[in-house]
Amino acid sequence: MPTESRYLLENKDSPVRWRERLVDELGLVADPAESYRLACCDSFDWRLNHAGRQLNWLQYPGYSLLRLVRLEDDTTEAELELGTVDTRFAAGLPASELRDIIEPLLDIRAFLPLVTLKIRSHCLRLEDDEGKTRTRLYVESISRLTEEGGAGVMIKRLRLQPLRGYEKSALAIGRKLEKKYHLQADAGSLCEQALAAAGRQPGDYSSKLNIQLQADMRADAAVRRVMLELYHTMQVNEQGTIEDLDSEFLHDFRVAVRRTRSALTELKGVFPPATHERFKREFAWLGSVTTTLRDLDVYLLKFNRYKAMLPQDLRDGLEPLRDLLRDKQHIEQTQHLAVQLQGARYRRLKQQWLRYLESPLAKRPVASDAARPIGEVARRRTWRMYKRVMREGRAITDESPAVELHELRKSCKKLRYLMEFFQCLYRPKAIRALIQELKQLQENLGDYQDLDVQIASIEHFAEEMKERGMYDDVTAQAMRALLAGLHTQMDDVRAHFHERFERFSLKETRSLFRELFRPEPASATR
Amino acid sequence: MITIASYNIKGGVGKTATAVNLSYLTACSGANALLWDLDPQGAASFYFRIKPHVKGGLRDLFRRKNRLQRAIKATDFRRLDLVPADFSYRNMDLKLEESRKPGAQLRKLVKPLRRQYRYLFLDCPPSISLTSENIFAAADVLLVPVIPTTLSLRTLEQLQEFCKKKKYRHLRIVPFLSMVDHRKKLHCDIVDQPPKSLKKMLTTSIPYASDVEQMGLKRAPLETYAHSSKAAQAYRDLWEELQGRLGS
């Protein structure tokens, strides 16, 4: 597909004046003006941008299409006419080259219009002596749409569109535009410009923590910085969670809440006791509000895998479970979570938390660790948690009940958060290697715990389906087969635990943990 | 990519009008379509106002890689491209004979277009020759406009026999009645009682209409200037029926 050229019109002349001038001076033919919209789409965490791509959703009168653009050379990689399709998910698009490219990139995340532009376009055509159009030149005025309506004209531009097989004609027009009107082809991205105007920047959101701290900072100041970052993550994911744009808004929101809770518990020596108690209680409440919905999201995300576990003839028998899950998910989303996140308790929590985080630091803090350097506090707390993980891990035998593995999982999570909050204080390569090791162990423990919860929930759902009359013979057989499959998986995961834990306990890993986190003898006793 | 050849041994039966109008309707329905004007007379190119010329002619087309890609021209309509006719196409039989596998050259040539277009329409010259054999090998569907007259039906039978003898198993021959003039008794008789050769024909027929002849003056697909005419409706029905046939 030939590439378009664009020229910014910086003088004061209106698009209509430009149209008249180009018709007169370049002998172009004018068509009636039309308006269309261009929405620059990506996932909230910029997955397409990270893969060097941009997805434009063009809405013309009568039809709309998705156009995937390669950022590197600004060329169209694939296009897809949308017709009546209305979806935010790549998986919901009709089979096409465009879907094949974006589906693995976006995975479970929705593509969302991050900024929408309204474009008034005057089409001018260069015709040959047969009356055939050889190239199109559009005079366009572009404004950004905001929630309040339009935001005034952002830019005016010419867009030169070569037609396949007639590229030379477009080149000739381009040369005339440069020579006669002193215009320069503009390589800047319209979407990037519009995003900047809307206060967004590619890559401005990531669920990964990256907090810059210095080891000699006061611990209370450092922890507040971590908490503010987590508060910000909650804030930016809040609307997407309320609107249920995709399951990852809630996931990231929950992770930020859990990290906050973990920091409140594990670094409690940094907070005044009364403050600590109050916020610990409130964040525990916020976490509990989101749990049911996240569980339902997980079952729905895993549903196709559940189906794949069954023999072919039983797979359709599982569909009533999907219906039940969707039903419950919708009710939980609209009637509970969205209500709570728009309610007074949550609003108060946010206000008070932010007020606390932004308040000046106490000169003589009551909290024992508040005025100590964060380097020392972080090392001590992380070392303590590491020792707990090792103790709990070593105590687990083949006969240990599930609850002990669950406890170990929670300790691992706390350790991971402590390592991630303060990762900038350690040697990057070493801390990354340790996080990686811990992650492997966490995966095993996480899978085990998830399967344990899933089995209990699915047994519960089966009862509920019986009550609702959604449980015929095929469904009963499918549910039994699913439970059997999950039990087998669980045994499998459990069988691998010791191997994983042994790996985590290797001498090299232990000495690296010691090197990074074991406190100096003086502070170790605290 | 589905390749549909608008073909008849006989000339003047509405092959070009069929190829032009159906390819236009295909593009309107949202699919990328390419029309290759294989007739050296260049009528399809004329209808789309594209000069009937391919750089390097037939010689380069068969010799140089990507030459066909570079010969593609955008029409004035979205998603519809055209490979123009060239006067050198009149020597296509000779050119094909020179090659090693003379019967499969066209198929080889269009193979790289598979990912770009959902439909390839071939507007074929009237004759039965080596070029036609290439078309039969490259096409999935042979769409045959038949005027309800004795001579036209005879050529259809000849075609059916030829394809049977040569065993083009992948090829679906789909005839339909074209230029039907209800004022003529013979036309009406054939429409009412179609002969055996028309057993698999599409039920939609295209009427004889001056609107279709106007395509030469307007130099555009019928749909663009006579959307409400009976003939335009007939082409829409024909496309819908053919799509149904392709889907089945």
# chains A, B, ... in the order shown; residues from 1 in each chain; ligands from 1
$ residues_around --residues "region 11-22 of chain A" --least-positions-apart "6" --cutoff "7 Å" --atoms "only C-alpha atoms" --output "ChimeraX atom specification"
/A:28,139-141
$ interface_residues --of "chain B" --to "chain A" --cutoff "10 Å" --atoms "only C-alpha atoms" --output "compact mmCIF listing (two decimals) with N, CA and C atoms, in the first residue's frame"
# COMPACT_ATOMS: atom_id res chain seq x y z
N SER B 29 -19.08 -4.72 -0.80
CA SER B 29 -19.48 -5.55 0.34
C SER B 29 -18.37 -5.68 1.38
N GLY B 30 -17.21 -5.06 1.11
CA GLY B 30 -16.15 -5.03 2.13
C GLY B 30 -14.95 -5.92 1.83
N ALA B 31 -14.98 -6.62 0.68
CA ALA B 31 -13.84 -7.51 0.38
C ALA B 31 -12.90 -6.83 -0.61
N PHE B 46 -11.45 0.18 -20.06
CA PHE B 46 -12.14 1.37 -20.54
C PHE B 46 -13.25 1.80 -19.58
N PHE B 48 -13.37 1.43 -16.48
CA PHE B 48 -12.79 2.03 -15.27
C PHE B 48 -11.86 3.21 -15.59
N ARG B 49 -11.88 3.64 -16.83
CA ARG B 49 -11.10 4.81 -17.29
C ARG B 49 -9.59 4.60 -17.12
N ILE B 50 -9.17 3.36 -17.16
CA ILE B 50 -7.74 3.08 -16.99
C ILE B 50 -7.15 2.73 -18.35
N LYS B 51 -6.01 3.34 -18.66
CA LYS B 51 -5.43 3.13 -19.99
C LYS B 51 -5.01 1.67 -20.17
N GLN B 69 2.31 -7.61 -10.02
CA GLN B 69 2.05 -6.74 -8.85
C GLN B 69 2.18 -5.28 -9.26
N ARG B 70 3.22 -5.02 -10.06
CA ARG B 70 3.48 -3.63 -10.43
C ARG B 70 2.52 -3.11 -11.50
N ALA B 71 1.83 -4.05 -12.14
CA ALA B 71 0.87 -3.61 -13.18
C ALA B 71 -0.48 -3.23 -12.57
N ILE B 72 -0.65 -3.55 -11.28
CA ILE B 72 -1.96 -3.30 -10.64
C ILE B 72 -2.22 -1.80 -10.47
N LYS B 73 -3.43 -1.39 -10.84
CA LYS B 73 -3.83 0.02 -10.72
C LYS B 73 -5.05 0.12 -9.80
N ALA B 74 -5.06 1.14 -8.97
CA ALA B 74 -6.25 1.38 -8.15
C ALA B 74 -7.35 1.93 -9.06
N THR B 75 -8.58 1.44 -8.91
CA THR B 75 -9.69 2.08 -9.63
C THR B 75 -10.14 3.28 -8.78
N ASP B 76 -11.18 3.95 -9.22
CA ASP B 76 -11.67 5.08 -8.41
C ASP B 76 -12.51 4.61 -7.22
N PHE B 77 -12.62 3.29 -7.08
CA PHE B 77 -13.48 2.76 -6.03
C PHE B 77 -12.67 2.02 -4.99
N ASP B 81 -9.15 -3.00 -7.34
CA ASP B 81 -7.99 -2.72 -8.19
C ASP B 81 -8.16 -3.45 -9.52
N LEU B 82 -7.34 -3.02 -10.48
CA LEU B 82 -7.46 -3.61 -11.82
C LEU B 82 -6.09 -3.83 -12.43
N VAL B 83 -5.93 -4.97 -13.11
CA VAL B 83 -4.76 -5.12 -13.98
C VAL B 83 -5.26 -4.81 -15.38
N ARG B 115 -2.80 -13.35 -0.75
CA ARG B 115 -2.95 -12.69 0.56
C ARG B 115 -3.52 -11.28 0.47
N GLN B 116 -3.44 -10.72 -0.74
CA GLN B 116 -3.89 -9.32 -0.87
C GLN B 116 -5.37 -9.17 -1.19
N ARG B 219 -18.83 5.16 -18.35
CA ARG B 219 -17.53 4.60 -17.98
C ARG B 219 -17.44 4.37 -16.46
$ select_by_dssp --residues "region 107-286 of chain A" --states "alpha helix (DSSP H)" --output "ChimeraX atom specification"
/A:167-181,190-197,219-243,247-266,273-286
$ select_by_dssp --residues "region 1-46 of chain B" --states "strand (DSSP E)" --output "CSV table (one decimal) with all heavy atoms, in the first residue's frame"
chain,number,residue,atom,x,y,z
B,2,ILE,N,-10.6,-16.3,-4.0
B,2,ILE,CA,-11.5,-17.1,-4.9
B,2,ILE,C,-11.3,-16.4,-6.3
B,2,ILE,O,-11.5,-15.2,-6.4
B,2,ILE,CB,-12.9,-17.0,-4.4
B,2,ILE,CG1,-13.0,-17.7,-3.0
B,2,ILE,CG2,-13.9,-17.7,-5.4
B,2,ILE,CD1,-14.4,-17.6,-2.4
B,3,THR,N,-11.0,-17.3,-7.3
B,3,THR,CA,-10.9,-16.7,-8.6
B,3,THR,C,-12.1,-17.0,-9.4
B,3,THR,O,-12.5,-18.2,-9.6
B,3,THR,CB,-9.6,-17.3,-9.3
B,3,THR,OG1,-8.5,-17.1,-8.4
B,3,THR,CG2,-9.3,-16.7,-10.6
B,4,ILE,N,-12.7,-16.0,-9.9
B,4,ILE,CA,-13.9,-16.1,-10.7
B,4,ILE,C,-13.7,-15.6,-12.1
B,4,ILE,O,-13.3,-14.4,-12.3
B,4,ILE,CB,-15.1,-15.3,-10.1
B,4,ILE,CG1,-15.3,-15.8,-8.6
B,4,ILE,CG2,-16.4,-15.4,-10.9
B,4,ILE,CD1,-16.3,-14.9,-7.9
B,5,ALA,N,-13.8,-16.5,-13.1
B,5,ALA,CA,-13.5,-16.1,-14.5
B,5,ALA,C,-14.9,-15.9,-15.2
B,5,ALA,O,-15.7,-16.7,-15.2
B,5,ALA,CB,-12.7,-17.1,-15.2
B,6,SER,N,-15.0,-14.7,-15.8
B,6,SER,CA,-16.2,-14.4,-16.5
B,6,SER,C,-15.9,-14.8,-18.0
B,6,SER,O,-15.1,-14.1,-18.6
B,6,SER,CB,-16.6,-12.9,-16.5
B,6,SER,OG,-17.7,-12.6,-17.2
B,33,ALA,N,-10.9,-6.7,-3.9
B,33,ALA,CA,-11.1,-7.4,-5.1
B,33,ALA,C,-10.1,-6.9,-6.2
B,33,ALA,O,-9.8,-5.7,-6.2
B,33,ALA,CB,-12.5,-7.3,-5.6
B,34,LEU,N,-9.7,-7.8,-7.1
B,34,LEU,CA,-8.9,-7.4,-8.2
B,34,LEU,C,-9.6,-7.9,-9.5
B,34,LEU,O,-10.0,-9.1,-9.5
B,34,LEU,CB,-7.5,-8.0,-8.0
B,34,LEU,CG,-6.5,-7.8,-9.2
B,34,LEU,CD1,-6.1,-6.3,-9.2
B,34,LEU,CD2,-5.3,-8.6,-9.1
B,35,LEU,N,-9.6,-7.1,-10.5
B,35,LEU,CA,-10.1,-7.5,-11.7
B,35,LEU,C,-9.0,-7.5,-12.8
B,35,LEU,O,-8.3,-6.5,-12.9
B,35,LEU,CB,-11.3,-6.5,-12.2
B,35,LEU,CG,-11.8,-6.6,-13.6
B,35,LEU,CD1,-12.3,-8.0,-13.9
B,35,LEU,CD2,-12.9,-5.6,-13.8
B,36,TRP,N,-8.8,-8.6,-13.4
B,36,TRP,CA,-7.7,-8.6,-14.5
B,36,TRP,C,-8.4,-8.6,-15.8
B,36,TRP,O,-9.2,-9.6,-16.2
B,36,TRP,CB,-6.8,-9.8,-14.3
B,36,TRP,CG,-5.6,-9.8,-15.2
B,36,TRP,CD1,-5.4,-8.9,-16.2
B,36,TRP,CD2,-4.5,-10.7,-15.2
B,36,TRP,NE1,-4.2,-9.2,-16.8
B,36,TRP,CE2,-3.6,-10.3,-16.2
B,36,TRP,CE3,-4.2,-11.9,-14.4
B,36,TRP,CZ2,-2.4,-11.0,-16.5
B,36,TRP,CZ3,-3.0,-12.5,-14.7
B,36,TRP,CH2,-2.1,-12.1,-15.7
B,37,ASP,N,-8.2,-7.6,-16.6
B,37,ASP,CA,-8.8,-7.5,-17.9
B,37,ASP,C,-7.9,-8.2,-18.9
B,37,ASP,O,-6.9,-7.7,-19.4
B,37,ASP,CB,-8.9,-6.0,-18.3
B,37,ASP,CG,-9.6,-5.7,-19.6
B,37,ASP,OD1,-10.0,-6.7,-20.2
B,37,ASP,OD2,-9.7,-4.6,-20.0
$ closest_atom_pairs --of "region 71-172 of chain B" --to "region 205-214 of chain B" --cutoff "10 Å" --atoms "only C-alpha atoms" --output "Markdown table"
| residue | atom | partner | partner_atom | distance |
| --- | --- | --- | --- | --- |
| B:Pro145 | CA | B:Ile206 | CA | 8.9 |
| B:Val146 | CA | B:Ser205 | CA | 9.4 |
| B:Ile147 | CA | B:Ile206 | CA | 9.5 |
$ write_last_selection --atoms "N, CA and C atoms" --output "PDB file, in the first residue's frame"
ATOM      1  N   PRO B 145     -21.898 -16.232 -18.863  1.00  0.00           N
ATOM      2  CA  PRO B 145     -23.134 -15.580 -19.303  1.00  0.00           C
ATOM      3  C   PRO B 145     -23.610 -16.220 -20.615  1.00  0.00           C
ATOM      4  N   VAL B 146     -24.874 -16.592 -20.635  1.00  0.00           N
ATOM      5  CA  VAL B 146     -25.410 -17.254 -21.841  1.00  0.00           C
ATOM      6  C   VAL B 146     -26.632 -16.489 -22.321  1.00  0.00           C
ATOM      7  N   ILE B 147     -26.602 -16.061 -23.595  1.00  0.00           N
ATOM      8  CA  ILE B 147     -27.802 -15.423 -24.143  1.00  0.00           C
ATOM      9  C   ILE B 147     -28.761 -16.560 -24.526  1.00  0.00           C
TER      10      ILE B 147
END
$ residues_around --residues "Glu103 (chain A)" --least-positions-apart "2" --cutoff "12 Å" --atoms "only C-alpha atoms" --output "count of residues only"
25
$ atom_distance --atom1 "CA of His336 (chain A)" --atom2 "CA of His460 (chain A)"
20.4 Å
$ residues_around --residues "Trp46 (chain A)" --least-positions-apart "2" --cutoff "12 Å" --atoms "only C-alpha atoms" --output "list in words"
Cys40, Cys41, Asp42, Ser43, Phe44, Leu48, Asn49, His50, Ala51, Gly52, Arg53, Gln54, Leu55, Leu105, Leu106, Arg109, Ala110, Phe111, Leu112, Pro113, Leu114, Arg200, Gln201, Pro202, Gly203, Asp204, Tyr205, Ser206 and Ser207 of chain A
$ write_last_selection --atoms "C-alpha atoms" --output "PDB file, in the first residue's frame"
ATOM      1  CA  CYS A  40      -6.108   6.158  18.271  1.00  0.00           C
ATOM      2  CA  CYS A  41      -6.445   2.826  20.057  1.00  0.00           C
ATOM      3  CA  ASP A  42      -4.186   0.703  22.189  1.00  0.00           C
ATOM      4  CA  SER A  43      -4.489  -1.314  25.335  1.00  0.00           C
ATOM      5  CA  PHE A  44      -4.305   0.748  28.518  1.00  0.00           C
ATOM      6  CA  LEU A  48       0.657  -2.335  20.608  1.00  0.00           C
ATOM      7  CA  ASN A  49       2.948   0.633  21.048  1.00  0.00           C
ATOM      8  CA  HIS A  50       5.515  -1.572  22.763  1.00  0.00           C
ATOM      9  CA  ALA A  51       5.328  -3.843  19.715  1.00  0.00           C
ATOM     10  CA  GLY A  52       5.982  -0.835  17.425  1.00  0.00           C
ATOM     11  CA  ARG A  53       2.409  -0.506  16.223  1.00  0.00           C
ATOM     12  CA  GLN A  54      -0.549   1.802  16.356  1.00  0.00           C
ATOM     13  CA  LEU A  55      -4.181   0.924  15.791  1.00  0.00           C
ATOM     14  CA  LEU A 105      -0.057  -8.786  21.233  1.00  0.00           C
ATOM     15  CA  LEU A 106      -3.143  -7.637  23.122  1.00  0.00           C
ATOM     16  CA  ARG A 109      -6.520  -6.656  27.124  1.00  0.00           C
ATOM     17  CA  ALA A 110      -9.089  -4.569  25.266  1.00  0.00           C
ATOM     18  CA  PHE A 111      -8.113  -2.040  22.635  1.00  0.00           C
ATOM     19  CA  LEU A 112      -9.520   1.278  23.745  1.00  0.00           C
ATOM     20  CA  PRO A 113      -9.785   4.653  22.049  1.00  0.00           C
ATOM     21  CA  LEU A 114      -7.165   6.628  23.984  1.00  0.00           C
ATOM     22  CA  ARG A 200      -1.072  10.963  27.710  1.00  0.00           C
ATOM     23  CA  GLN A 201       2.202   9.684  26.432  1.00  0.00           C
ATOM     24  CA  PRO A 202       2.981   6.266  24.959  1.00  0.00           C
ATOM     25  CA  GLY A 203       4.296   3.982  27.698  1.00  0.00           C
ATOM     26  CA  ASP A 204       3.020   6.223  30.505  1.00  0.00           C
ATOM     27  CA  TYR A 205       1.382   3.290  32.257  1.00  0.00           C
ATOM     28  CA  SER A 206       2.879   0.013  33.319  1.00  0.00           C
ATOM     29  CA  SER A 207       1.750  -2.273  36.095  1.00  0.00           C
TER      30      SER A 207
END
$ residues_around --residues "Asp86 (chain B)" --least-positions-apart "4" --cutoff "10 Å" --atoms "only C-alpha atoms" --output "list in words"
Asp37, Leu38, Asp39, Pro40, Gln41, Gly42, Ser45, Lys51, Pro52, His53, Val54, Lys55, Gly56, Gly57, Leu58 and Arg90 of chain B
$ write_last_selection --atoms "N, CA, C and O atoms" --output "compact mmCIF listing (two decimals), in the first residue's frame"
# COMPACT_ATOMS: atom_id res chain seq x y z
N ASP B 37 -8.19 -7.58 -16.58
CA ASP B 37 -8.78 -7.46 -17.91
C ASP B 37 -7.88 -8.22 -18.90
O ASP B 37 -6.87 -7.69 -19.37
N LEU B 38 -8.25 -9.44 -19.20
CA LEU B 38 -7.40 -10.29 -20.05
C LEU B 38 -7.70 -10.13 -21.54
O LEU B 38 -7.01 -10.70 -22.38
N ASP B 39 -8.75 -9.38 -21.83
CA ASP B 39 -9.17 -9.23 -23.22
C ASP B 39 -8.39 -8.08 -23.87
O ASP B 39 -8.47 -6.94 -23.40
N PRO B 40 -7.63 -8.36 -24.95
CA PRO B 40 -6.85 -7.28 -25.57
C PRO B 40 -7.69 -6.10 -26.04
O PRO B 40 -7.17 -5.00 -26.25
N GLN B 41 -9.00 -6.32 -26.18
CA GLN B 41 -9.86 -5.18 -26.57
C GLN B 41 -9.94 -4.14 -25.44
O GLN B 41 -10.28 -2.99 -25.67
N GLY B 42 -9.70 -4.57 -24.22
CA GLY B 42 -9.60 -3.66 -23.08
C GLY B 42 -10.89 -2.97 -22.66
O GLY B 42 -10.86 -1.84 -22.18
N SER B 45 -11.01 -2.24 -18.81
CA SER B 45 -10.12 -1.11 -18.48
C SER B 45 -10.80 0.20 -18.89
O SER B 45 -10.75 1.19 -18.15
N LYS B 51 -6.01 3.34 -18.66
CA LYS B 51 -5.43 3.13 -19.99
C LYS B 51 -5.01 1.67 -20.17
O LYS B 51 -4.36 1.10 -19.29
N PRO B 52 -5.38 1.07 -21.33
CA PRO B 52 -5.08 -0.35 -21.51
C PRO B 52 -3.61 -0.57 -21.87
O PRO B 52 -3.25 -0.79 -23.03
N HIS B 53 -2.78 -0.48 -20.86
CA HIS B 53 -1.36 -0.62 -21.12
C HIS B 53 -0.66 -1.22 -19.91
O HIS B 53 -0.88 -0.79 -18.77
N VAL B 54 0.18 -2.22 -20.16
CA VAL B 54 0.99 -2.80 -19.09
C VAL B 54 2.44 -2.64 -19.51
O VAL B 54 2.83 -3.07 -20.60
N LYS B 55 3.22 -2.00 -18.65
CA LYS B 55 4.61 -1.73 -19.01
C LYS B 55 5.39 -3.03 -19.29
O LYS B 55 5.33 -3.96 -18.48
N GLY B 56 6.02 -3.07 -20.47
CA GLY B 56 6.77 -4.29 -20.82
C GLY B 56 5.90 -5.36 -21.46
O GLY B 56 6.42 -6.38 -21.93
N GLY B 57 4.57 -5.12 -21.43
CA GLY B 57 3.63 -6.04 -22.07
C GLY B 57 3.71 -7.45 -21.54
O GLY B 57 4.22 -7.72 -20.46
N LEU B 58 3.20 -8.34 -22.37
CA LEU B 58 3.11 -9.76 -22.02
C LEU B 58 4.47 -10.38 -21.71
O LEU B 58 4.62 -11.20 -20.81
N ARG B 90 -2.95 -10.17 -27.19
CA ARG B 90 -3.44 -10.91 -28.36
C ARG B 90 -2.49 -12.06 -28.71
O ARG B 90 -2.87 -13.01 -29.36
$ atom_distance --atom1 "CA of Lys387 (chain A)" --atom2 "CA of Ser400 (chain A)"
19.6 Å
$ residues_around --residues "region 7-12 of chain B" --least-positions-apart "3" --cutoff "10 Å" --atoms "only C-alpha atoms" --output "number ranges by chain"
B: 4, 15-16, 18-19, 122-129, 132, 135-136, 141-147, 151-156, 158-159, 173, 175, 179
$ atom_distance --atom1 "CA of Phe176 (chain B)" --atom2 "CA of Leu202 (chain B)"
5.1 Å
$ closest_residue --among "B:Leu80, B:Ala232, B:Leu238, B:Leu186" --to "Thr203 (chain B)" --atoms "only C-alpha atoms"
B:Leu238
$ residues_around --residues "Ala367 (chain A)" --least-positions-apart "2" --cutoff "10 Å" --atoms "only C-alpha atoms" --output "list in words"
Asp220, Lys268, Gly269, Val270, Phe271, Pro272, Pro273, Ala362, Arg364, Pro365, Asp369, Ala370 and Ala371 of chain A
$ closest_residue --among "A:Asp252, A:Glu127, A:Asp244, A:Glu79" --to "His232 (chain A)" --atoms "only C-alpha atoms"
A:Asp252
